[in-house]
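Enquirer: Following this line is my_file07.txt, made up of compact mmCIF, C-alpha atoms and all ligand atoms:
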# COMPACT_ATOMS: atom_id res chain seq x y z
CA MET A 1 -142.11 111.14 28.78
CA LYS A 2 -143.31 107.74 27.63
CA ASN A 3 -144.68 107.58 24.09
CA THR A 4 -148.08 106.00 23.69
CA ILE A 5 -150.25 104.96 20.78
CA LEU A 6 -151.57 108.56 20.82
CA THR A 7 -148.06 109.88 20.19
CA LEU A 8 -147.97 107.97 16.91
CA GLN A 9 -151.42 109.09 15.87
CA LYS A 10 -150.55 112.74 16.61
CA ARG A 11 -147.43 112.41 14.48
CA LYS A 12 -149.54 111.45 11.50
CA GLN A 13 -152.02 114.29 12.09
CA ASN A 14 -149.17 116.81 12.36
CA GLN A 15 -147.38 115.30 9.36
CA GLN A 16 -144.31 114.51 11.45
CA LYS A 17 -142.41 111.31 10.72
CA ILE A 18 -142.39 108.32 13.07
CA THR A 19 -139.04 106.61 13.71
CA MET A 20 -138.85 102.93 14.58
CA LEU A 21 -136.00 100.43 14.83
CA THR A 22 -135.98 96.82 15.89
CA ALA A 23 -134.48 96.03 19.29
CA TYR A 24 -134.02 92.74 21.08
CA ASP A 25 -131.81 93.42 24.09
CA TYR A 26 -131.52 95.89 26.97
CA THR A 27 -128.21 97.51 26.05
CA THR A 28 -129.07 98.28 22.43
CA ALA A 29 -132.62 99.33 23.25
CA LYS A 30 -131.30 101.78 25.85
CA LEU A 31 -128.91 103.34 23.33
CA MET A 32 -131.80 103.75 20.89
CA ASP A 33 -134.14 105.13 23.55
CA GLU A 34 -131.50 107.68 24.57
CA SER A 35 -131.12 108.64 20.89
CA GLY A 36 -134.74 109.73 20.74
CA ILE A 37 -136.26 106.90 18.72
CA ASP A 38 -140.09 107.01 18.80
CA CYS A 39 -140.77 103.25 18.76
CA LEU A 40 -138.92 100.04 19.34
CA LEU A 41 -140.06 96.90 17.57
CA VAL A 42 -139.23 93.58 19.17
CA GLY A 43 -139.50 91.87 15.81
CA ASP A 44 -139.60 88.15 15.23
CA SER A 45 -136.66 88.93 12.93
CA LEU A 46 -134.83 88.11 16.16
CA GLY A 47 -135.06 84.51 14.98
CA MET A 48 -132.65 85.41 12.21
CA VAL A 49 -130.46 88.20 13.58
CA MET A 50 -130.25 87.07 17.21
CA LEU A 51 -130.80 83.30 17.03
CA GLY A 52 -129.41 82.41 13.60
CA TYR A 53 -132.43 80.68 12.05
CA ASP A 54 -132.83 81.25 8.32
CA SER A 55 -136.43 82.46 8.64
CA THR A 56 -138.81 83.65 11.37
CA VAL A 57 -141.05 80.57 11.40
CA SER A 58 -139.24 78.82 14.28
CA VAL A 59 -139.62 81.72 16.71
CA THR A 60 -141.70 80.91 19.81
CA MET A 61 -143.82 82.94 22.23
CA GLU A 62 -141.15 82.28 24.88
CA ASP A 63 -138.46 83.78 22.59
CA MET A 64 -140.61 86.87 22.03
CA ILE A 65 -141.44 87.35 25.71
CA HIS A 66 -137.80 86.90 26.74
CA HIS A 67 -136.56 89.64 24.38
CA SER A 68 -139.59 91.89 24.83
CA LYS A 69 -139.04 92.14 28.60
CA ALA A 70 -135.42 93.15 28.08
CA VAL A 71 -136.36 95.89 25.60
CA ALA A 72 -139.25 97.15 27.74
CA ARG A 73 -136.91 97.64 30.70
CA ALA A 74 -134.77 99.97 28.57
CA ALA A 75 -137.58 101.95 26.92
CA LYS A 76 -138.01 105.01 29.11
CA SER A 77 -139.67 106.98 26.31
CA ALA A 78 -139.92 104.73 23.25
CA PHE A 79 -143.20 102.96 22.49
CA VAL A 80 -142.63 99.19 22.52
CA VAL A 81 -144.31 96.96 19.93
CA THR A 82 -143.74 93.20 20.04
CA ASP A 83 -144.38 90.69 17.25
CA LEU A 84 -146.76 87.77 17.63
CA PRO A 85 -144.68 84.87 16.24
CA PHE A 86 -145.73 82.36 13.58
CA MET A 87 -148.54 80.05 14.77
CA SER A 88 -149.30 82.09 17.90
CA TYR A 89 -152.40 83.68 16.31
CA HIS A 90 -153.18 81.66 13.15
CA THR A 91 -154.92 78.81 14.93
CA SER A 92 -157.86 80.79 16.34
CA VAL A 93 -159.07 84.19 17.45
CA TYR A 94 -158.93 82.81 20.99
CA ASP A 95 -155.22 81.97 20.65
CA ALA A 96 -154.59 85.38 19.11
CA VAL A 97 -156.12 87.24 22.05
CA LEU A 98 -154.46 84.96 24.62
CA ASN A 99 -150.99 85.33 23.10
CA ALA A 100 -151.38 89.07 22.52
CA GLY A 101 -152.21 89.28 26.22
CA ARG A 102 -149.05 87.36 27.10
CA LEU A 103 -146.89 89.79 25.12
CA ILE A 104 -148.42 92.64 27.13
CA LYS A 105 -148.52 91.02 30.58
CA GLU A 106 -145.31 88.98 30.45
CA GLY A 107 -143.45 90.78 27.65
CA GLN A 108 -144.31 94.27 28.94
CA ALA A 109 -145.10 95.45 25.39
CA GLN A 110 -147.43 98.41 24.73
CA ALA A 111 -148.77 96.98 21.46
CA VAL A 112 -148.55 93.79 19.44
CA LYS A 113 -147.91 93.27 15.74
CA LEU A 114 -149.26 90.47 13.59
CA GLU A 115 -148.89 89.66 9.91
CA GLY A 116 -152.17 89.69 8.08
CA GLY A 117 -154.91 91.72 6.44
CA GLN A 118 -158.48 90.76 5.50
CA ALA A 119 -158.01 87.17 6.69
CA PHE A 120 -157.16 88.38 10.19
CA TYR A 121 -159.99 90.91 10.55
CA GLU A 122 -161.60 89.05 13.45
CA HIS A 123 -158.27 88.47 15.24
CA ILE A 124 -157.36 92.17 15.07
CA LYS A 125 -160.85 93.18 16.17
CA MET A 126 -160.89 90.93 19.22
CA ILE A 127 -157.33 91.78 20.33
CA THR A 128 -158.25 95.47 20.01
CA GLN A 129 -161.43 94.83 21.97
CA ALA A 130 -159.23 93.42 24.74
CA SER A 131 -157.68 96.92 24.88
CA ILE A 132 -154.45 95.86 23.23
CA PRO A 133 -153.29 98.11 20.36
CA VAL A 134 -152.54 96.12 17.20
CA VAL A 135 -150.09 96.97 14.44
CA ALA A 136 -151.11 95.08 11.30
CA HIS A 137 -148.19 94.04 9.10
CA ILE A 138 -149.19 93.76 5.41
CA GLY A 139 -147.45 93.63 2.03
CA LEU A 140 -144.57 91.19 2.32
CA MET A 141 -145.30 88.96 5.31
CA PRO A 142 -142.10 87.05 6.15
CA GLN A 143 -143.92 84.42 8.24
CA SER A 144 -145.50 83.29 4.95
CA VAL A 145 -142.12 82.54 3.37
CA LEU A 146 -142.93 78.85 2.92
CA ALA A 147 -146.15 79.67 1.04
CA LEU A 148 -144.58 82.54 -0.92
CA GLY A 149 -141.47 80.58 -1.85
CA GLY A 150 -139.18 83.50 -0.99
CA TYR A 151 -139.05 87.15 -0.07
CA LYS A 152 -140.18 89.43 -2.90
CA VAL A 153 -141.86 92.75 -3.55
CA GLN A 154 -145.64 92.55 -3.18
CA GLY A 155 -148.32 94.49 -5.04
CA LYS A 156 -146.64 95.40 -8.30
CA ASP A 157 -149.66 94.68 -10.56
CA TYR A 158 -153.27 95.87 -10.24
CA LYS A 159 -154.66 92.63 -8.82
CA HIS A 160 -152.09 92.30 -6.04
CA ALA A 161 -151.99 96.04 -5.33
CA LYS A 162 -155.77 96.05 -4.92
CA ASN A 163 -155.57 93.15 -2.51
CA ILE A 164 -153.07 95.04 -0.35
CA VAL A 165 -155.33 98.12 -0.40
CA LEU A 166 -158.21 95.89 0.74
CA ASP A 167 -155.95 94.53 3.50
CA ALA A 168 -155.18 98.07 4.67
CA LEU A 169 -158.86 99.04 4.70
CA ALA A 170 -159.83 95.82 6.49
CA VAL A 171 -157.28 96.19 9.28
CA GLU A 172 -158.22 99.84 9.82
CA GLN A 173 -161.88 98.80 9.99
CA ALA A 174 -160.97 96.02 12.46
CA GLY A 175 -159.45 98.63 14.76
CA ALA A 176 -155.71 98.35 14.05
CA ALA A 177 -153.75 101.21 15.62
CA ALA A 178 -151.17 101.33 12.83
CA ILE A 179 -150.14 99.56 9.64
CA LEU A 180 -146.70 98.23 8.84
CA LEU A 181 -146.06 98.07 5.11
CA GLU A 182 -143.20 95.82 4.04
CA CYS A 183 -141.64 95.65 0.60
CA VAL A 184 -144.33 97.25 -1.55
CA PRO A 185 -143.90 99.79 -4.36
CA ALA A 186 -143.49 103.37 -3.10
CA GLY A 187 -146.53 104.57 -5.04
CA LEU A 188 -148.76 101.95 -3.43
CA ALA A 189 -147.50 102.82 0.06
CA LYS A 190 -148.21 106.48 -0.62
CA PHE A 191 -151.72 105.67 -1.84
CA ILE A 192 -152.46 103.61 1.28
CA THR A 193 -150.94 106.22 3.60
CA GLN A 194 -153.29 108.85 2.17
CA LEU A 195 -156.25 106.48 2.19
CA VAL A 196 -156.19 105.39 5.84
CA ASN A 197 -156.45 107.50 8.99
CA ILE A 198 -154.04 105.38 11.04
CA PRO A 199 -150.26 105.78 10.78
CA THR A 200 -148.32 103.68 8.26
CA ILE A 201 -144.77 102.60 9.01
CA GLY A 202 -142.75 101.39 6.04
CA ILE A 203 -139.81 99.12 5.40
CA GLY A 204 -138.93 98.95 1.73
CA ALA A 205 -142.09 100.98 1.09
CA GLY A 206 -140.67 104.34 0.04
CA ALA A 207 -140.55 107.80 1.57
CA ASP A 208 -144.23 108.62 1.86
CA CYS A 209 -145.18 106.33 4.74
CA ASP A 210 -145.89 108.12 8.02
CA GLY A 211 -142.89 106.40 9.56
CA GLN A 212 -139.91 104.18 8.80
CA VAL A 213 -138.52 101.04 10.39
CA LEU A 214 -135.32 99.05 9.82
CA VAL A 215 -133.76 96.00 11.42
CA TYR A 216 -130.88 97.49 13.41
CA GLN A 217 -128.33 94.86 12.40
CA ASP A 218 -129.10 95.77 8.78
CA MET A 219 -128.72 99.53 9.21
CA LEU A 220 -125.49 99.01 11.15
CA SER A 221 -124.12 96.44 8.65
CA MET A 222 -123.72 93.79 11.32
CA TYR A 223 -125.65 90.94 9.70
CA ASP A 224 -124.73 89.40 6.37
CA GLY A 225 -127.67 87.01 5.98
CA ILE A 226 -130.23 88.36 3.53
CA SER A 227 -129.47 91.81 2.11
CA SER A 228 -132.17 93.98 0.59
CA LYS A 229 -132.29 96.91 -1.78
CA PHE A 230 -134.25 98.89 0.81
CA VAL A 231 -131.57 98.74 3.49
CA LYS A 232 -129.21 101.67 3.95
CA SER A 233 -126.02 101.21 5.93
CA PHE A 234 -125.76 104.05 8.46
CA ALA A 235 -122.50 102.75 9.97
CA SER A 236 -120.12 99.82 9.48
CA ILE A 237 -120.47 98.53 13.01
CA GLY A 238 -119.95 94.91 12.01
CA GLU A 239 -116.53 95.77 10.60
CA GLN A 240 -115.69 97.90 13.66
CA MET A 241 -116.65 95.04 15.97
CA LYS A 242 -114.49 92.59 14.02
CA GLN A 243 -111.55 94.99 14.23
CA ALA A 244 -111.99 95.28 17.99
CA PHE A 245 -112.30 91.51 18.44
CA LYS A 246 -109.14 90.94 16.36
CA LEU A 247 -107.25 93.57 18.34
CA TYR A 248 -108.33 91.93 21.61
CA CYS A 249 -107.08 88.51 20.43
CA GLN A 250 -103.80 90.06 19.29
CA GLU A 251 -103.22 91.88 22.57
CA VAL A 252 -104.00 88.82 24.68
CA ASN A 253 -101.76 86.66 22.52
CA ASN A 254 -98.82 89.06 22.65
CA ARG A 255 -99.39 89.86 26.35
CA GLN A 256 -100.28 93.54 25.84
CA PHE A 257 -103.63 93.05 27.58
CA PRO A 258 -104.27 93.20 30.46
CA ALA A 259 -101.77 95.90 31.44
CA THR A 260 -100.90 96.77 35.05
CA ASN A 261 -103.58 99.48 35.17
CA HIS A 262 -106.22 96.77 34.58
CA GLU A 263 -104.99 94.72 37.54
CA PHE A 264 -106.10 94.63 41.16
CA SER A 265 -103.35 94.90 43.77
CA ILE A 266 -103.07 92.84 46.92
CA GLU A 267 -101.93 93.91 50.40
CA ASP A 268 -98.20 93.82 51.13
CA ASN A 269 -96.57 90.49 51.96
CA VAL A 270 -99.69 88.38 51.37
CA ILE A 271 -98.09 86.40 48.56
CA GLU A 272 -94.92 85.92 50.64
CA LYS A 273 -96.99 84.51 53.51
CA LEU A 274 -98.96 82.25 51.15
CA LYS A 275 -95.69 80.69 50.04
CA LEU A 276 -94.96 79.46 53.58
O1 LIG B 301 -139.56 91.32 12.65
C1 LIG B 301 -139.25 92.42 12.14
O2 LIG B 301 -138.12 92.93 12.31
C2 LIG B 301 -140.24 93.11 11.35
C3 LIG B 301 -139.73 94.25 10.53
C4 LIG B 301 -139.12 93.74 9.28
C5 LIG B 301 -140.80 95.21 10.25
O3 LIG B 301 -141.38 92.71 11.34
NA NA B 302 -141.63 90.62 12.12
Translate this file's structure into structure tokens.
Ligand code: KIV
Ligand code: NA
Expert:
Amino acid sequence: MKNTILTLQKRKQNQQKITMLTAYDYTTAKLMDESGIDCLLVGDSLGMVMLGYDSTVSVTMEDMIHHSKAVARAAKSAFVVTDLPFMSYHTSVYDAVLNAGRLIKEGQAQAVKLEGGQAFYEHIKMITQASIPVVAHIGLMPQSVLALGGYKVQGKDYKHAKNIVLDALAVEQAGAAAILLECVPAGLAKFITQLVNIPTIGIGAGADCDGQVLVYQDMLSMYDGISSKFVKSFASIGEQMKQAFKLYCQEVNNRQFPATNHEFSIEDNVIEKLKL
């Protein structure tokens, strides 16, 4: 059965955890869906892990739609959330609603995510009013890397922690369906999770969020760009892939691959006749 926004809300009410991973392509998304993941996030992190940019700011609406469609086709049960990329919602509430609509209509997403709290109250409200569920991403907001001067933990002192709490309350008030908390102290994430009625999904936000999310290339140790304290390696897939690629090169070079059982045969005498 297909998960919906209600599935996530029920999980919070029943104190069951919500599982989310990023996905950007059909094959991987299908493997995750078949593994019982609750939600797939088509994150703009695809700019880094799929496209090789060093931040997410270059990602376009077309990039997001392209990957979102592929993931949506694989998600038989997982709930699909797609990121609004940098500058697709900052310019006006109108642009925010229009581009959120594109991620739903063209990208086949079930919800959109945007980075912002109090400052994006109106954007979240109007997207929600257009019947599009919004996940509000607060705490560390990677699209703000140029203004922040780097990726660091947010909300360690009273002033900054209070601002993040105000962000959480504002986005809930605006109608957000869920909150994504990135890179905030565990105690603050716990406080916010207890304070709001909508589910919180954490990354680098400790164990007390209603759910957890990781970038799949991080949890599979496939990507060696930026590494974070909050990432756990669940398998060394990057190393396994390299081993397989090396073995393939070796076997082609020393003529072990392809073997006769990988070949197609031709009808008798055809080659003889071709020689005439
Ligand atoms: O783009 C992304 O992968 C994200 C996660 C880090 C939450 O927004
Ligand atoms: Na993102």
Enquirer: Using all atoms listed in the file, which of A:Tyr121, A:Tyr26, A:Tyr158, A:Phe86 sits nearest ligand LIG 301 (chain B)?
Expert: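 Closest residue, counting all atoms listed in the file: A:Phe86.
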Enquirer: So how many Å separate atom CA of A:Met48 and atom CA of A:Ser228, to one decimal?
Expert: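 Value for the atom CA of A:Met48-atom CA of A:Ser228 distance: 14.4 Å.
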Enquirer: Please identify the residues whose atoms come within 10 Å of ligand NA 302 (chain B), using only C-alpha atoms and all ligand atoms, and report them as a PyMOL selection string.
Expert: chain A and resi 22+41-47+56+82-86+113-115+137+141-143+180+182+215
Enquirer: As an exercise, work out the distance from atom CA of A:Ala174 to atom CA of A:Tyr89 in Å and give it to one decimal place.
Expert: 15.5 Å
Enquirer: What's the separation between atom CA of A:Lys30 and atom CA of A:Ala74, in Å to one decimal place?
Expert: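 The value is 4.8 Å.
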Enquirer: From the options A:Val112, A:Ile65, A:Gly101, A:Ala178, which residue's atoms come nearest to A:Leu8, counting only C-alpha atoms?
Expert: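 Counting only C-alpha atoms, the residue closest to A:Leu8 is A:Ala178.
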Enquirer: Env of A:His66: 12 Å cut, atoms = all atoms listed in the file, seq-sep filter 6 positions within chain, self excluded. Answer as a PDB file with C-alpha atoms, in the frame of the given file.
Expert:
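Result file is out.pdb:
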ATOM      1  CA  TYR A  24    -134.020  92.740  21.080  1.00  0.00           C
ATOM      2  CA  ASP A  25    -131.810  93.420  24.090  1.00  0.00           C
ATOM      3  CA  TYR A  26    -131.520  95.890  26.970  1.00  0.00           C
ATOM      4  CA  VAL A  42    -139.230  93.580  19.170  1.00  0.00           C
ATOM      5  CA  ASP A  44    -139.600  88.150  15.230  1.00  0.00           C
ATOM      6  CA  LEU A  46    -134.830  88.110  16.160  1.00  0.00           C
ATOM      7  CA  VAL A  59    -139.620  81.720  16.710  1.00  0.00           C
ATOM      8  CA  THR A  60    -141.700  80.910  19.810  1.00  0.00           C
ATOM      9  CA  ALA A  72    -139.250  97.150  27.740  1.00  0.00           C
ATOM     10  CA  ARG A  73    -136.910  97.640  30.700  1.00  0.00           C
ATOM     11  CA  THR A  82    -143.740  93.200  20.040  1.00  0.00           C
ATOM     12  CA  ARG A 102    -149.050  87.360  27.100  1.00  0.00           C
ATOM     13  CA  LEU A 103    -146.890  89.790  25.120  1.00  0.00           C
ATOM     14  CA  GLU A 106    -145.310  88.980  30.450  1.00  0.00           C
ATOM     15  CA  GLY A 107    -143.450  90.780  27.650  1.00  0.00           C
ATOM     16  CA  GLN A 108    -144.310  94.270  28.940  1.00  0.00           C
ATOM     17  CA  ALA A 109    -145.100  95.450  25.390  1.00  0.00           C
TER      18      ALA A 109
END
Enquirer: Point out the residue among A:Ala177, A:Ala96, A:Ile203, A:Ala136 with the least atom-to-atom distance to A:Met219, counting all atoms listed in the file.
Expert: A:Ile203
Enquirer: Using only C-alpha atoms and all ligand atoms, find the one residue out of A:Pro199, A:Gly139, A:Pro185, A:Gly175 that sits nearest to ligand LIG 301 (chain B).
Expert: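 Answer, going by the shortest atom-to-atom distance: A:Gly139.
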Enquirer: Write out as an MDAnalysis selection string which residues come within 12 Å of A:Asn3 when counting only C-alpha atoms, dropping same-chain ones fewer than 6 positions away.
Expert: chainID A and resid 9:11 18:19 33 36:40 75:81 110:111
Enquirer: May I have the centre and edge lengths, in Å to one decimal, of an axis-aligned box around the listed atoms of stretch 178-191 of chain A with 8 Å added to every side, as JSON?
Expert:
{"center_x": -146.7, "center_y": 101.1, "center_z": 3.9, "size_x": 26.1, "size_y": 26.8, "size_z": 33.9}
Enquirer: For A:Tyr216, which of A:Leu181, A:Met32, A:Asn14, A:Asn261 is the closest residue, counting only C-alpha atoms?
Expert: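 Between A:Leu181, A:Met32, A:Asn14, A:Asn261, the residue approaching A:Tyr216 most closely is A:Met32.
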Enquirer: Tell me, as number ranges by chain, which residues lie within 12 Å of A:Ser227, counting only C-alpha atoms; anything in the same chain fewer than 6 positions away does not count.
Expert: A: 151, 204, 215, 217-219, 221, 233
Enquirer: So, counting only C-alpha atoms and all ligand atoms, which residue among A:Ala119, A:Ala170, A:Leu21, A:Leu148 is closest to ligand LIG 301 (chain B)?
Expert: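 Of the candidates, the smallest distance to ligand LIG 301 (chain B) is held by A:Leu21.
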Enquirer: Which polymer residues have any atom within 7 Å of an atom of stretch 192-194 of chain A, counting all atoms listed in the file, with same-chain residues fewer than 3 positions away left out, as an MDAnalysis selection string?
Expert: chainID A and resid 165 188:189 200 209:210
